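Data from upload17.txt: compact mmCIF, C-alpha atoms and all ligand atoms
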```txt
# COMPACT_ATOMS: atom_id res chain seq x y z
CA MET A 22 -65.65 15.86 -34.21
CA SER A 23 -65.21 18.44 -36.94
CA ILE A 24 -61.68 19.38 -37.99
CA PRO A 25 -60.51 22.75 -39.37
CA VAL A 26 -60.74 22.91 -43.16
CA LYS A 27 -59.46 25.70 -45.37
CA ILE A 28 -61.08 26.01 -48.77
CA CYS A 29 -58.63 27.79 -51.03
CA GLY A 30 -58.75 29.56 -54.38
CA LEU A 31 -62.15 31.19 -53.90
CA SER A 32 -63.00 33.82 -56.47
CA THR A 33 -66.79 34.16 -56.58
CA PRO A 34 -69.45 35.16 -54.02
CA GLU A 35 -71.22 31.78 -54.53
CA SER A 36 -68.12 29.79 -53.65
CA VAL A 37 -67.37 31.94 -50.60
CA ILE A 38 -70.92 31.47 -49.36
CA ALA A 39 -70.81 27.71 -50.01
CA ALA A 40 -67.55 27.37 -48.05
CA ARG A 41 -68.75 29.63 -45.24
CA ASP A 42 -72.15 27.97 -44.87
CA GLY A 43 -70.63 24.50 -45.19
CA GLY A 44 -68.50 25.18 -42.13
CA ALA A 45 -65.04 25.96 -43.50
CA SER A 46 -62.70 27.35 -40.85
CA HIS A 47 -60.56 29.33 -43.33
CA LEU A 48 -61.18 30.87 -46.75
CA GLY A 49 -58.18 31.28 -49.03
CA PHE A 50 -57.66 33.86 -51.76
CA ILE A 51 -54.87 33.47 -54.32
CA PHE A 52 -52.67 36.40 -55.32
CA PHE A 53 -50.60 34.84 -58.08
CA VAL A 54 -51.29 36.03 -61.61
CA LYS A 55 -50.46 32.73 -63.31
CA SER A 56 -53.14 30.94 -61.30
CA PRO A 57 -56.66 30.43 -62.70
CA ARG A 58 -57.74 31.29 -59.13
CA HIS A 59 -55.99 34.66 -59.02
CA VAL A 60 -57.97 37.57 -57.57
CA SER A 61 -57.15 41.25 -57.26
CA PRO A 62 -56.98 42.85 -53.79
CA GLU A 63 -60.25 44.66 -54.58
CA GLN A 64 -62.03 41.44 -55.61
CA ALA A 65 -60.77 39.77 -52.43
CA ARG A 66 -62.00 42.69 -50.31
CA ASP A 67 -65.51 42.28 -51.73
CA LEU A 68 -65.43 38.51 -51.15
CA VAL A 69 -64.13 38.91 -47.60
CA ALA A 70 -67.23 40.94 -46.83
CA LEU A 71 -69.14 37.62 -47.17
CA SER A 72 -66.76 35.57 -45.02
CA GLY A 73 -68.78 35.57 -41.78
CA ASP A 74 -66.81 34.00 -38.92
CA CYS A 75 -64.28 32.26 -41.20
CA GLN A 76 -60.62 33.25 -41.00
CA THR A 77 -59.53 34.86 -44.25
CA VAL A 78 -56.19 33.93 -45.78
CA ALA A 79 -54.16 35.83 -48.38
CA VAL A 80 -52.01 33.37 -50.36
CA SER A 81 -48.93 34.90 -52.02
CA VAL A 82 -45.80 33.55 -53.68
CA ASP A 83 -42.51 35.36 -53.00
CA ALA A 84 -44.42 38.65 -53.05
CA ASP A 85 -42.56 41.92 -52.49
CA ASP A 86 -43.57 44.52 -49.90
CA ALA A 87 -45.44 46.67 -52.42
CA TYR A 88 -47.71 43.82 -53.44
CA LEU A 89 -48.23 42.65 -49.85
CA ASP A 90 -48.99 46.26 -48.81
CA ALA A 91 -51.72 46.40 -51.46
CA ILE A 92 -53.16 43.01 -50.47
CA VAL A 93 -53.11 43.61 -46.71
CA GLY A 94 -54.26 47.23 -46.97
CA THR A 95 -57.18 46.41 -49.24
CA MET A 96 -58.38 42.96 -48.23
CA GLU A 97 -57.40 43.05 -44.53
CA PRO A 98 -56.80 39.29 -44.17
CA ASP A 99 -56.61 37.44 -40.85
CA LEU A 100 -53.65 35.32 -41.95
CA LEU A 101 -50.87 35.45 -44.54
CA GLN A 102 -49.97 32.22 -46.37
CA LEU A 103 -46.50 32.34 -47.91
CA HIS A 104 -46.42 29.73 -50.68
CA GLY A 105 -43.06 30.48 -52.30
CA SER A 106 -39.49 29.99 -51.21
CA GLU A 107 -39.63 32.64 -48.48
CA SER A 108 -36.66 32.36 -46.11
CA LEU A 109 -36.84 32.54 -42.32
CA GLU A 110 -35.58 36.11 -42.59
CA ARG A 111 -38.37 37.04 -45.03
CA VAL A 112 -40.97 35.39 -42.80
CA ALA A 113 -39.74 37.50 -39.86
CA GLU A 114 -39.90 40.69 -41.98
CA VAL A 115 -43.46 39.92 -43.09
CA LYS A 116 -44.60 39.13 -39.56
CA SER A 117 -43.22 42.34 -38.15
CA ARG A 118 -44.34 44.55 -41.06
CA TYR A 119 -47.99 43.48 -40.91
CA GLY A 120 -48.42 42.13 -37.37
CA LEU A 121 -50.40 39.22 -38.79
CA PRO A 122 -50.04 35.46 -38.22
CA VAL A 123 -48.12 33.69 -40.97
CA MET A 124 -48.60 30.20 -42.40
CA LYS A 125 -45.58 28.92 -44.34
CA ALA A 126 -46.27 26.40 -47.10
CA LEU A 127 -43.63 23.72 -47.66
CA ALA A 128 -43.38 21.53 -50.75
CA VAL A 129 -42.93 17.87 -49.84
CA ARG A 130 -41.75 14.94 -51.93
CA GLY A 131 -39.46 13.01 -49.60
CA ILE A 132 -38.39 12.77 -46.00
CA ASP A 133 -35.73 15.49 -46.44
CA ASP A 134 -38.39 18.01 -47.32
CA LEU A 135 -40.12 17.36 -44.01
CA ALA A 136 -36.91 18.17 -42.17
CA ARG A 137 -37.25 21.72 -43.49
CA ALA A 138 -40.51 22.06 -41.54
CA GLN A 139 -38.40 21.97 -38.39
CA ILE A 140 -36.51 25.11 -39.53
CA TYR A 141 -39.69 27.18 -39.37
CA GLU A 142 -40.75 25.86 -35.93
CA GLY A 143 -41.34 28.72 -33.53
CA HIS A 144 -41.04 31.29 -36.34
CA VAL A 145 -44.45 30.82 -37.97
CA ASP A 146 -47.94 30.37 -36.59
CA LEU A 147 -48.95 27.53 -38.90
CA LEU A 148 -47.30 25.23 -41.42
CA LEU A 149 -48.90 23.84 -44.55
CA LEU A 150 -47.56 20.70 -46.19
CA ASP A 151 -48.27 20.57 -49.92
CA ALA A 152 -46.93 18.25 -52.62
CA LYS A 153 -43.97 19.39 -54.71
CA PRO A 154 -45.35 20.59 -58.05
CA PRO A 155 -44.98 18.19 -60.98
CA LYS A 156 -42.09 18.95 -63.40
CA GLY A 157 -42.97 21.86 -65.69
CA ALA A 158 -45.97 22.99 -63.58
CA GLU A 159 -46.58 26.75 -63.65
CA LEU A 160 -48.08 26.82 -60.17
CA PRO A 161 -46.34 26.17 -56.85
CA GLY A 162 -49.67 24.90 -55.45
CA GLY A 163 -53.16 24.05 -56.59
CA ASN A 164 -51.91 21.26 -58.86
CA GLY A 165 -54.16 18.55 -57.40
CA VAL A 166 -51.29 16.24 -56.54
CA SER A 167 -50.60 14.56 -53.20
CA PHE A 168 -47.34 13.56 -51.56
CA ASP A 169 -46.83 10.27 -49.75
CA TRP A 170 -48.86 10.91 -46.59
CA SER A 171 -47.15 8.09 -44.73
CA LEU A 172 -44.20 10.51 -44.42
CA VAL A 173 -46.06 12.58 -41.84
CA GLU A 174 -45.63 9.73 -39.36
CA ASN A 175 -42.05 10.98 -39.06
CA LEU A 176 -43.13 14.45 -38.09
CA GLN A 177 -43.05 15.96 -34.60
CA SER A 178 -44.16 19.57 -34.71
CA GLN A 179 -45.14 22.00 -31.97
CA THR A 180 -46.48 24.30 -34.71
CA PRO A 181 -49.94 23.37 -35.99
CA ILE A 182 -49.93 21.92 -39.51
CA LEU A 183 -52.50 21.78 -42.30
CA LEU A 184 -52.29 18.85 -44.72
CA SER A 185 -52.71 19.86 -48.34
CA GLY A 186 -52.27 18.74 -51.95
CA GLY A 187 -54.70 16.80 -54.07
CA ILE A 188 -57.33 16.22 -51.39
CA ASP A 189 -60.62 15.30 -53.04
CA GLN A 190 -63.61 12.99 -52.63
CA SER A 191 -61.44 9.93 -53.31
CA ASN A 192 -58.98 10.43 -50.44
CA VAL A 193 -60.65 12.83 -48.02
CA LYS A 194 -61.56 10.02 -45.58
CA GLU A 195 -57.92 8.97 -45.39
CA ALA A 196 -56.85 12.60 -44.89
CA ILE A 197 -59.39 13.11 -42.09
CA ALA A 198 -58.30 9.90 -40.38
CA LEU A 199 -54.66 11.05 -40.55
CA VAL A 200 -55.54 14.34 -38.87
CA ARG A 201 -57.76 12.72 -36.23
CA ASP A 202 -55.14 10.11 -35.29
CA ALA A 203 -52.27 12.56 -35.35
CA ALA A 204 -50.28 13.37 -32.27
CA ASN A 205 -47.65 15.18 -34.32
CA GLY A 206 -49.07 18.62 -35.00
CA LEU A 207 -51.40 17.87 -37.93
CA VAL A 208 -54.61 19.74 -37.14
CA GLY A 209 -56.58 20.24 -40.34
CA LEU A 210 -56.89 20.15 -44.11
CA ASP A 211 -56.46 22.62 -46.95
CA LEU A 212 -57.90 21.95 -50.37
CA SER A 213 -58.60 23.67 -53.61
CA SER A 214 -58.73 21.83 -56.94
CA GLY A 215 -60.49 18.86 -55.29
CA VAL A 216 -63.62 21.01 -55.01
CA GLU A 217 -63.55 22.25 -58.61
CA SER A 218 -65.23 21.18 -61.86
CA ALA A 219 -62.42 22.77 -63.93
CA PRO A 220 -59.26 24.70 -62.97
CA GLY A 221 -60.40 27.78 -61.04
CA VAL A 222 -64.11 26.86 -61.20
CA LYS A 223 -65.40 25.88 -57.78
CA ASP A 224 -68.18 23.28 -57.58
CA MET A 225 -70.65 24.13 -54.78
CA ALA A 226 -71.82 20.51 -54.38
CA LYS A 227 -68.23 19.31 -53.99
CA ILE A 228 -67.51 22.03 -51.42
CA ALA A 229 -70.60 21.00 -49.41
CA ALA A 230 -69.76 17.27 -49.62
CA LEU A 231 -66.11 17.66 -48.61
CA LEU A 232 -66.99 19.92 -45.69
CA GLU A 233 -69.69 17.50 -44.55
CA ALA A 234 -67.12 14.69 -44.64
CA SER A 235 -64.82 16.75 -42.42
CA LYS A 236 -67.55 16.76 -39.77
CA THR A 237 -68.56 13.13 -39.95
CA GLY A 238 -65.40 11.49 -41.30
CA ALA A 239 -67.62 9.49 -43.68
O1 LIG A 301 -54.31 27.11 -56.02
C1 LIG A 301 -53.49 27.83 -56.64
O2 LIG A 301 -53.70 28.17 -57.80
C2 LIG A 301 -52.23 28.25 -55.95
C3 LIG A 301 -51.40 29.13 -56.61
C4 LIG A 301 -50.25 29.57 -56.00
C5 LIG A 301 -49.91 29.14 -54.73
C6 LIG A 301 -50.73 28.26 -54.06
C7 LIG A 301 -51.89 27.78 -54.64
N1 LIG A 301 -52.71 26.89 -54.02
C8 LIG A 301 -52.44 26.24 -52.77
O3 LIG A 301 -52.13 24.87 -53.00
C9 LIG A 301 -52.89 24.06 -52.11
C10 LIG A 301 -53.13 22.68 -52.70
O4 LIG A 301 -53.98 22.74 -53.79
P1 LIG A 301 -54.76 21.45 -54.34
O5 LIG A 301 -55.75 21.07 -53.29
O6 LIG A 301 -53.74 20.40 -54.61
O7 LIG A 301 -55.41 21.93 -55.58
C11 LIG A 301 -54.15 24.89 -51.93
O8 LIG A 301 -54.89 24.56 -50.84
C12 LIG A 301 -53.63 26.29 -51.87
O9 LIG A 301 -53.27 26.63 -50.54
```

Final structure tokens representation of the file:
Amino acid sequence: MSIPVKICGLSTPESVIAARDGGASHLGFIFFVKSPRHVSPEQARDLVALSGDCQTVAVSVDADDAYLDAIVGTMEPDLLQLHGSESLERVAEVKSRYGLPVMKALAVRGIDDLARAQIYEGHVDLLLLDAKPPKGAELPGGNGVSFDWSLVENLQSQTPILLSGGIDQSNVKEAIALVRDAANGLVGLDLSSGVESAPGVKDMAKIAALLEASKTGA
């Protein structure tokens, strides 16, 4: 059984097509200027035109209304991923301003971080668990690091959750098994640097291989 997989940080037509044709459920576009994966709203709009049946996701980090207006108005995403320290109040504002589903990313290192997931229950449409960035990292996500996945055993969420952070060829089987065995809300995977040959440079063969693994589990 295939599980939902979001391929994030897409910035070229080739990578969008590889993710789409490989069977990705979601395509993510990064709006964060410090990221090597950053795209403008206009670039994203042109890439979204190639997205087929995939859900398109605009990833922002503590963005203000003006920036979100430009992103939403130009790219017309299906889903907004909030990857900063957006409060419950900000999440509610964003949901009502755009009328779009929201996925809140949470940075996890220890068990206490998972408790915060509970706060967003019922207020967001999806949660994404990513590893806390390493000390000194410029990016809040896309750092290719994983948290201790055994922590998710402690989770009980009614809100669907994507597992994220450092998923690549070496650990994708374990990640798929976690999702397939889960009775706690984990429904799919989200990955970015694990399908790259260099920061921001997607590798089409890696995209195809990881998506194939999500179908077969092998
Ligand atoms: O990828 C980025 O550059 C990025 C920048 C700002 C916010 C979020 C970002 N990426 C998100 O982080 C996860 C995990 O990435 P990785 O697989 O560890 O490289 C990714 O899926 C994006 O949602």

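The residue set within 12 Å of Lys55 (chain A), counting all atoms listed in the file and dropping same-chain residues fewer than 2 places from it, reads Ile51, Phe52, Phe53, Pro57, Arg58, His59, Val60, Ser81, Val82, Ala158, Glu159, Leu160, Pro161, Gly162, Gly163, Pro220 and Gly221 of chain A.
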
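The set of protein, DNA and RNA residues with any counted atom at most 12 Å from (-38.2, 14.1, -42.4) (all atoms listed in the file) reads Val129, Arg130, Gly131, Ile132, Asp133, Asp134, Leu135, Ala136, Arg137, Ala138, Gln139, Ile140, Asp169, Trp170, Ser171, Leu172, Val173, Glu174, Asn175, Leu176, Gln177 and Ser178 of chain A.
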
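Taking CA of Met225 (chain A) and CA of Ala40 (chain A) as endpoints, the distance between them is 8.1 Å.
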
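Rounded to one decimal, CA of Ile182 (chain A) and CA of Glu63 (chain A) lie 29.2 Å from each other.
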
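Picture a line from CA of Lys236 (chain A) to CA of Ser218 (chain A); it runs 22.6 Å.
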
Please enclose the listed atoms of region 53-72 of chain A in an axis-aligned box, pad each side by 8 Å, and write out the centre and the three edge lengths in Å, rounded to one decimal, as lines of an AutoDock Vina configuration file.
```
center_x = -59.8
center_y = 37.5
center_z = -54.2
size_x = 34.7
size_y = 30.2
size_z = 34.3
```

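With distances taken over all atoms listed in the file, A:Val145 is the one residue among A:Leu31, A:Ile38, A:Val26, A:Val145 lying closest to Pro181 (chain A).
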
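With distances taken over all atoms listed in the file, A:Val216 is the one residue among A:Val216, A:Leu207, A:Val112, A:Ala198 lying closest to ligand LIG 301 (chain A).
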
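With distances taken over all atoms listed in the file, A:His104 is the one residue among A:Arg66, A:Lys125, A:His104, A:His47 lying closest to ligand LIG 301 (chain A).
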
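Closest approach to Leu101 (chain A) among A:Glu217, A:Asp67, A:Asp146, A:Asp74: A:Asp146, based on all atoms listed in the file.
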
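In terms of minimum interatomic distance to Lys227 (chain A), A:Val193 ranks closest within A:Val200, A:Val54, A:Val193, A:Leu109, counting all atoms listed in the file.
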
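Using only C-alpha atoms for every distance, the candidate list A:Pro62, A:Gly209, A:Gly187, A:Gly215 yields A:Gly209 as the residue closest to Pro25 (chain A).
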
**Study point:** Shell around Thr95 (chain A) at 12 Å using only C-alpha atoms, local window under 5 positions removed, as a PyMOL selection string
**Key:** chain A and resi 61-70+79+88-90

Practice item. Please return, as an MDAnalysis selection string, all polymer residues that have at least one atom within 12 Å of the point (-49.0, 29.6, -44.0); use all atoms listed in the file and the file's own coordinate frame. Key: chainID A and resid 27 47 49 77:82 99:107 112 115:116 121:128 138 141 144:151 180:185 211

Exercise for review: With a distance cut-off of 9 Å and all atoms listed in the file, select the neighbouring residues of Ala229 (chain A), excluding the residue or stretch itself and same-chain residues fewer than 5 positions from it, and output the selection as a PyMOL selection string.
Suggested key: chain A and resi 39-40+42-44+216+224+234
